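Only one structure is covered here, and it is reproduced in the block below.
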Amino acid sequence: MCPSDNKPNQPENPQRRTFLIALITAMGGFISFVLGGSGLFYFLSPAWRSKKEDWVEVGPVDSVKEGDPVKLDYVKRKMDGWNVIESPSSVWVVQQKGEWVAYDPHCTHLGCPYRWDASKQAFLCPCHGGVFTKDGNVVSGPPPKPLNRFPVKVEGGTIYVLPEGIA
Amino acid sequence: MKTILDWLDERTGWRKIKEVILDRHIPKGVDWRYTLGSVTLFFFVLQVVTGILLAMHYSPSPDHAYDSVKYLSKEVPMGGFLRSLHKWGATGMVVTVFLHMLRVFFMGAYKYPREVTWLSGILLFFFVIGFGFTGYLLPWDQKAYWATTVGAHMVEQVPYFGAGLAKIMKGGQDLGAVTLARFYAIHVLVFPALTLLFMVIHLFLVVWHGISAPPERETPSTDRRDPNWKTRLQARYLELKSQGKSFWPYIIFKDTVAVTLVFLIVLGVALWKGAELEDLANPTDTTYNPRPEWYFLSVFQLLKYFPGKLEAFAIVLLPLIVVTLLFALPFLDKGPRRHPADRKWLVAAGWMAVLGLIVLTVQGAYTPLTNPVGEKNPMVMEGKRLYGDLHCEYCHTLHGHGGTVGPVLDEVGIRRNQDWLANHFRNPKKVTPGTKMPNFNLLDGEVESLVAYMSTLGAGTFTAKAPGLFEENCATCHKFHGVGEEIATDLTHIAGVRDADYIAAYIKDPIKLNPDAAMQGFSDQLTADQIKDLANYLYQQGK
């Protein structure tokens, strides 16, 4: 049976036709809106959902000597989606005249792990030669801004940091 | 604009395609009953869209499946809604595909020249059922685990090949990681691809032959004895077709209205009921009542009527007969007679089958639960799981197992209050200076779950009055360590299957937990403290 043998039938009412098409569009639009809207909201939600970080214990006060930056390693237990993972991470801690500073261990250029060079008294980045002072300011190289600082506090002889926005 | 459309037409021929698909005329008399196929098609699209979104937060491994579904439902914006829509969309699709099949059956629309359309439709019907069966294992909760366990054992009943088939289905001897990955692959890759393929074939045939016209009565003289019945039918079809309206927008309007109504129903149910997630699958649980999804309840109920060796008949032969009959239908019932009144016997048989299916499903749904349903505290269960995950038993002894570095935890729920426990888990050294317990950097939710679990340990010592309470109130029916009558259940080993909270709730109101209970509630005779005392006694002494 050939499907294309459409014979002309009774004259169509063009107004009714337009009306039906409008209704089809409205109903289809409604379904698409509910499905598409909720689906898009679901898919795009990572963009505006932020994770709350907790203070992490990184070590005792006496592990950091006045004026010498120290890298303190810690294992952070955190939610990674539906998994609880224990991710090892670290932080550079400097103490000068009782003032505590904690640096994100990633270079502000492209996130390489920099190190402290005691003889040059500077943080050196191995990737593109970025150099930072003890205060975290850029001395030379491509880094666009000073080292990122984490909130840090000392309680009962223990150092805590709040590693926000950790990469 | 017109030049672009012309250019496209030359390259794709879309004008002709539009004419064939959208402008084709639909026979006169095609009414609302004909929208069921479109509604089923809509459900497929709905399931694909929601399914793809769900897959973005799902991990097909027993370690993570349950947690990922929980995360998706509770943490991801709209996640719970989309899962609910997927679940109820599945239910809706089973209903509409079945009704669509019934419509075609009762109208005799599977007859010449639409036999192949019917065959592809039957295949699609089984794919929908297959989607259901593979889909509800994925959350890896109790229902998922036990329903699939039962399904696998049913396959084992197949003579000769049963054990092998069950192993193929499970991907091994046991229901586990390989089974879940298999079901996942089949659910999201195999079935969608096959369904799409056969749907394209099905829809192509629908367009090729045109939607069947409503059946008309036949007279004996125009039956198969008329050698030209095929030509006569074709002519009549063309006549009805020329009297009908074009597919777009008249028939599509009806379809859209039906789709929108059905979508609103599913949307309403999805928002109202949500999608349940039971407790994590637990192969050692003996108190769970496995029940299949409602569309398998008829089979579930049927099995009760075939004890012993007869069961293979119900599991293997009966479905085989049904499947064969469905596929063979257009070859058994041939000729021009399509109207139900001209096919009385077949239509009666069809109604009998539908009625039987409904009766079995309803009976299955009302089967009393053998195991009384007890409320479990999900926090306690989570805490118990965490106790194992963190390997607390390396240092602590509980119920006679574990290390001796830390204190024994059997009665920690009495010794320590919840605040102390919470502070202790957050920072052990601060609460107990000099302790060897390391700081686990536990997350807030984890601390809460562990505290909930620890609080139950040892909770509920009983007083010296408890044995007397038992003798006065319970011993007339129950036996406990040699005391009392054995009219009702012997409670000596009750602690193996029920915890103290459950026992207390049961003493208070048995009917609530077990609708068939012959025992009456004791909330009038005993005070709340006495009931708790009694429950603790039965639990502690019943180990």
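Residues in the structure tokens are numbered from 1 in each chain, the chains being A, B, ... in the order shown, and ligands are numbered from 1 in the order shown.
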Need the shell around A:Ala102: protein/DNA/RNA residues with any atom at most 10 Å away, counting only C-alpha atoms. Skip same-chain ones fewer than 4 positions apart. Format as number ranges by chain? A: 69-72, 91-95, 136, 147-153, 159-163
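Near chain A, the residues of chain B that fall inside 6 Å (using only C-alpha atoms) are Val20, Arg24, His25, Asp67, Ser68, Tyr71, Pro77, Met78, Trp208, His209, Ser242, Gln243, Phe253 and Asn441 of chain B.
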Go ahead and dump the residues you just picked, C-alpha atoms, as a short mmCIF file (atom, residue, chain, number, x, y, z; two decimals), in the first residue's frame.
data_model
loop_
_atom_site.label_atom_id
_atom_site.label_comp_id
_atom_site.auth_asym_id
_atom_site.auth_seq_id
_atom_site.Cartn_x
_atom_site.Cartn_y
_atom_site.Cartn_z
CA VAL B 20 4.54 11.30 3.39
CA ARG B 24 -0.73 11.66 5.04
CA HIS B 25 -4.39 11.10 5.64
CA ASP B 67 25.34 5.86 47.90
CA SER B 68 25.30 7.42 44.46
CA TYR B 71 23.42 11.38 46.71
CA PRO B 77 19.09 19.85 42.75
CA MET B 78 16.10 18.24 40.99
CA TRP B 208 3.92 2.44 5.27
CA HIS B 209 0.61 0.64 5.82
CA SER B 242 -9.81 9.77 1.80
CA GLN B 243 -12.59 10.67 4.21
CA PHE B 253 -3.40 17.27 18.22
CA ASN B 441 38.69 13.77 60.77
#
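Every protein, DNA or RNA residue with an atom at most 9 Å from A:Arg115, where only C-alpha atoms count and chain neighbours fewer than 3 positions away do not, is listed here: Lys71, Trp92, Pro105, Ala122, Phe123, Leu124, Cys125 and Pro126 of chain A.
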Selected residues written out, N, CA and C atoms, as an mmCIF file, in the first residue's frame:
data_model
loop_
_atom_site.group_PDB
_atom_site.id
_atom_site.type_symbol
_atom_site.label_atom_id
_atom_site.label_comp_id
_atom_site.auth_asym_id
_atom_site.auth_seq_id
_atom_site.Cartn_x
_atom_site.Cartn_y
_atom_site.Cartn_z
ATOM 1 N N LYS A 71 56.400 22.961 55.107
ATOM 2 C CA LYS A 71 55.276 22.321 54.404
ATOM 3 C C LYS A 71 54.687 21.271 55.336
ATOM 4 N N TRP A 92 51.684 25.293 53.104
ATOM 5 C CA TRP A 92 52.915 25.934 53.579
ATOM 6 C C TRP A 92 52.543 26.857 54.725
ATOM 7 N N PRO A 105 49.403 25.375 48.501
ATOM 8 C CA PRO A 105 50.688 24.873 47.975
ATOM 9 C C PRO A 105 50.802 24.906 46.450
ATOM 10 N N ALA A 122 63.409 32.226 49.241
ATOM 11 C CA ALA A 122 62.299 32.478 48.316
ATOM 12 C C ALA A 122 61.578 31.163 48.003
ATOM 13 N N PHE A 123 60.300 31.273 47.611
ATOM 14 C CA PHE A 123 59.548 30.119 47.106
ATOM 15 C C PHE A 123 59.815 30.029 45.612
ATOM 16 N N LEU A 124 60.248 28.858 45.140
ATOM 17 C CA LEU A 124 60.570 28.708 43.720
ATOM 18 C C LEU A 124 59.587 27.746 43.070
ATOM 19 N N CYS A 125 59.050 28.168 41.924
ATOM 20 C CA CYS A 125 58.150 27.273 41.207
ATOM 21 C C CYS A 125 58.932 26.556 40.103
ATOM 22 N N PRO A 126 58.857 25.221 40.037
ATOM 23 C CA PRO A 126 59.661 24.462 39.081
ATOM 24 C C PRO A 126 59.143 24.525 37.644
#
Residues near B:Arg15, cut-off 10 Å, only C-alpha atoms, skip fewer than 6 positions along chain, as a list in words: Leu5, Asp6, Leu8, Asp9 and Ile21 of chain B
Atoms to include: N, CA and C atoms. Write the selected residues as a PDB file, in the first residue's frame.
ATOM      1  N   LEU B   5      15.444  26.832   1.946  1.00  0.00           N
ATOM      2  CA  LEU B   5      14.564  25.656   2.011  1.00  0.00           C
ATOM      3  C   LEU B   5      14.629  24.863   0.713  1.00  0.00           C
ATOM      4  N   ASP B   6      14.667  25.581  -0.417  1.00  0.00           N
ATOM      5  CA  ASP B   6      14.787  24.898  -1.707  1.00  0.00           C
ATOM      6  C   ASP B   6      16.098  24.136  -1.804  1.00  0.00           C
ATOM      7  N   LEU B   8      17.879  23.005   0.635  1.00  0.00           N
ATOM      8  CA  LEU B   8      17.797  21.837   1.521  1.00  0.00           C
ATOM      9  C   LEU B   8      16.945  20.734   0.896  1.00  0.00           C
ATOM     10  N   ASP B   9      15.846  21.144   0.235  1.00  0.00           N
ATOM     11  CA  ASP B   9      14.945  20.163  -0.363  1.00  0.00           C
ATOM     12  C   ASP B   9      15.653  19.371  -1.452  1.00  0.00           C
ATOM     13  N   ILE B  21       4.929  11.809   5.735  1.00  0.00           N
ATOM     14  CA  ILE B  21       4.739  11.566   7.164  1.00  0.00           C
ATOM     15  C   ILE B  21       3.649  12.463   7.754  1.00  0.00           C
TER      16      ILE B  21
END
For stretch 301-316 of chain B: contacts at 9 Å, only C-alpha atoms, fewer than 3 positions along chain excluded, given as a list in words: Met154, Val155, Gln157, Val158, Pro159, Phe296, Leu297, Ser298, Pro319, Leu320, Ile321, Leu360, Thr361, Gln363, Gly364, Ala365 and Thr367 of chain B
Residues within 9 Å of B:Tyr394, please, as a PyMOL selection string. Count only C-alpha atoms; anything in the same chain fewer than 3 positions from it doesn't count. chain B and resi 391+397+402-406
Just give me the gap between atom CA of B:Pro192 and atom CA of B:Ser59 in Å, one decimal is fine. 18.8 Å
I need the residues in chain A that are strand (DSSP E or B) according to DSSP; give them as a PyMOL selection string. chain A and resi 56-60+70-80+83-96+99-103+106+113+115-117+122-124+131-132+138-140+149-150+152-155+158-161
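Here atom CA of B:Met93 stands at a distance of 7.6 Å from atom CA of B:Val128.
Going from atom CA of A:Lys134 to atom CA of A:Ala118 covers 10.1 Å.
Minimum atom-to-atom distances from A:Pro14, A:Pro144, A:Pro60, A:Gly29 to A:Gly111 were compared using only C-alpha atoms, and the lowest value belongs to A:Pro144.
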Write out as a list in words each polymer residue whose atoms come within 9 Å of B:Val206, counting only C-alpha atoms; drop sequence neighbours fewer than 6 positions from it. Arg114, Thr117 and Ser212 of chain B
Would you save the residues from that selection as a compact mmCIF listing (two decimals), in the first residue's frame, using N, CA and C atoms?
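Printed below is result.txt as written:
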# COMPACT_ATOMS: atom_id res chain seq x y z
N ARG B 114 -0.65 -6.08 8.47
CA ARG B 114 0.16 -5.50 9.56
C ARG B 114 0.77 -6.54 10.48
N THR B 117 4.20 -5.51 11.78
CA THR B 117 4.07 -4.42 12.76
C THR B 117 3.78 -5.02 14.14
N SER B 212 -4.32 1.53 11.01
CA SER B 212 -5.44 0.65 10.67
C SER B 212 -6.76 1.38 10.92
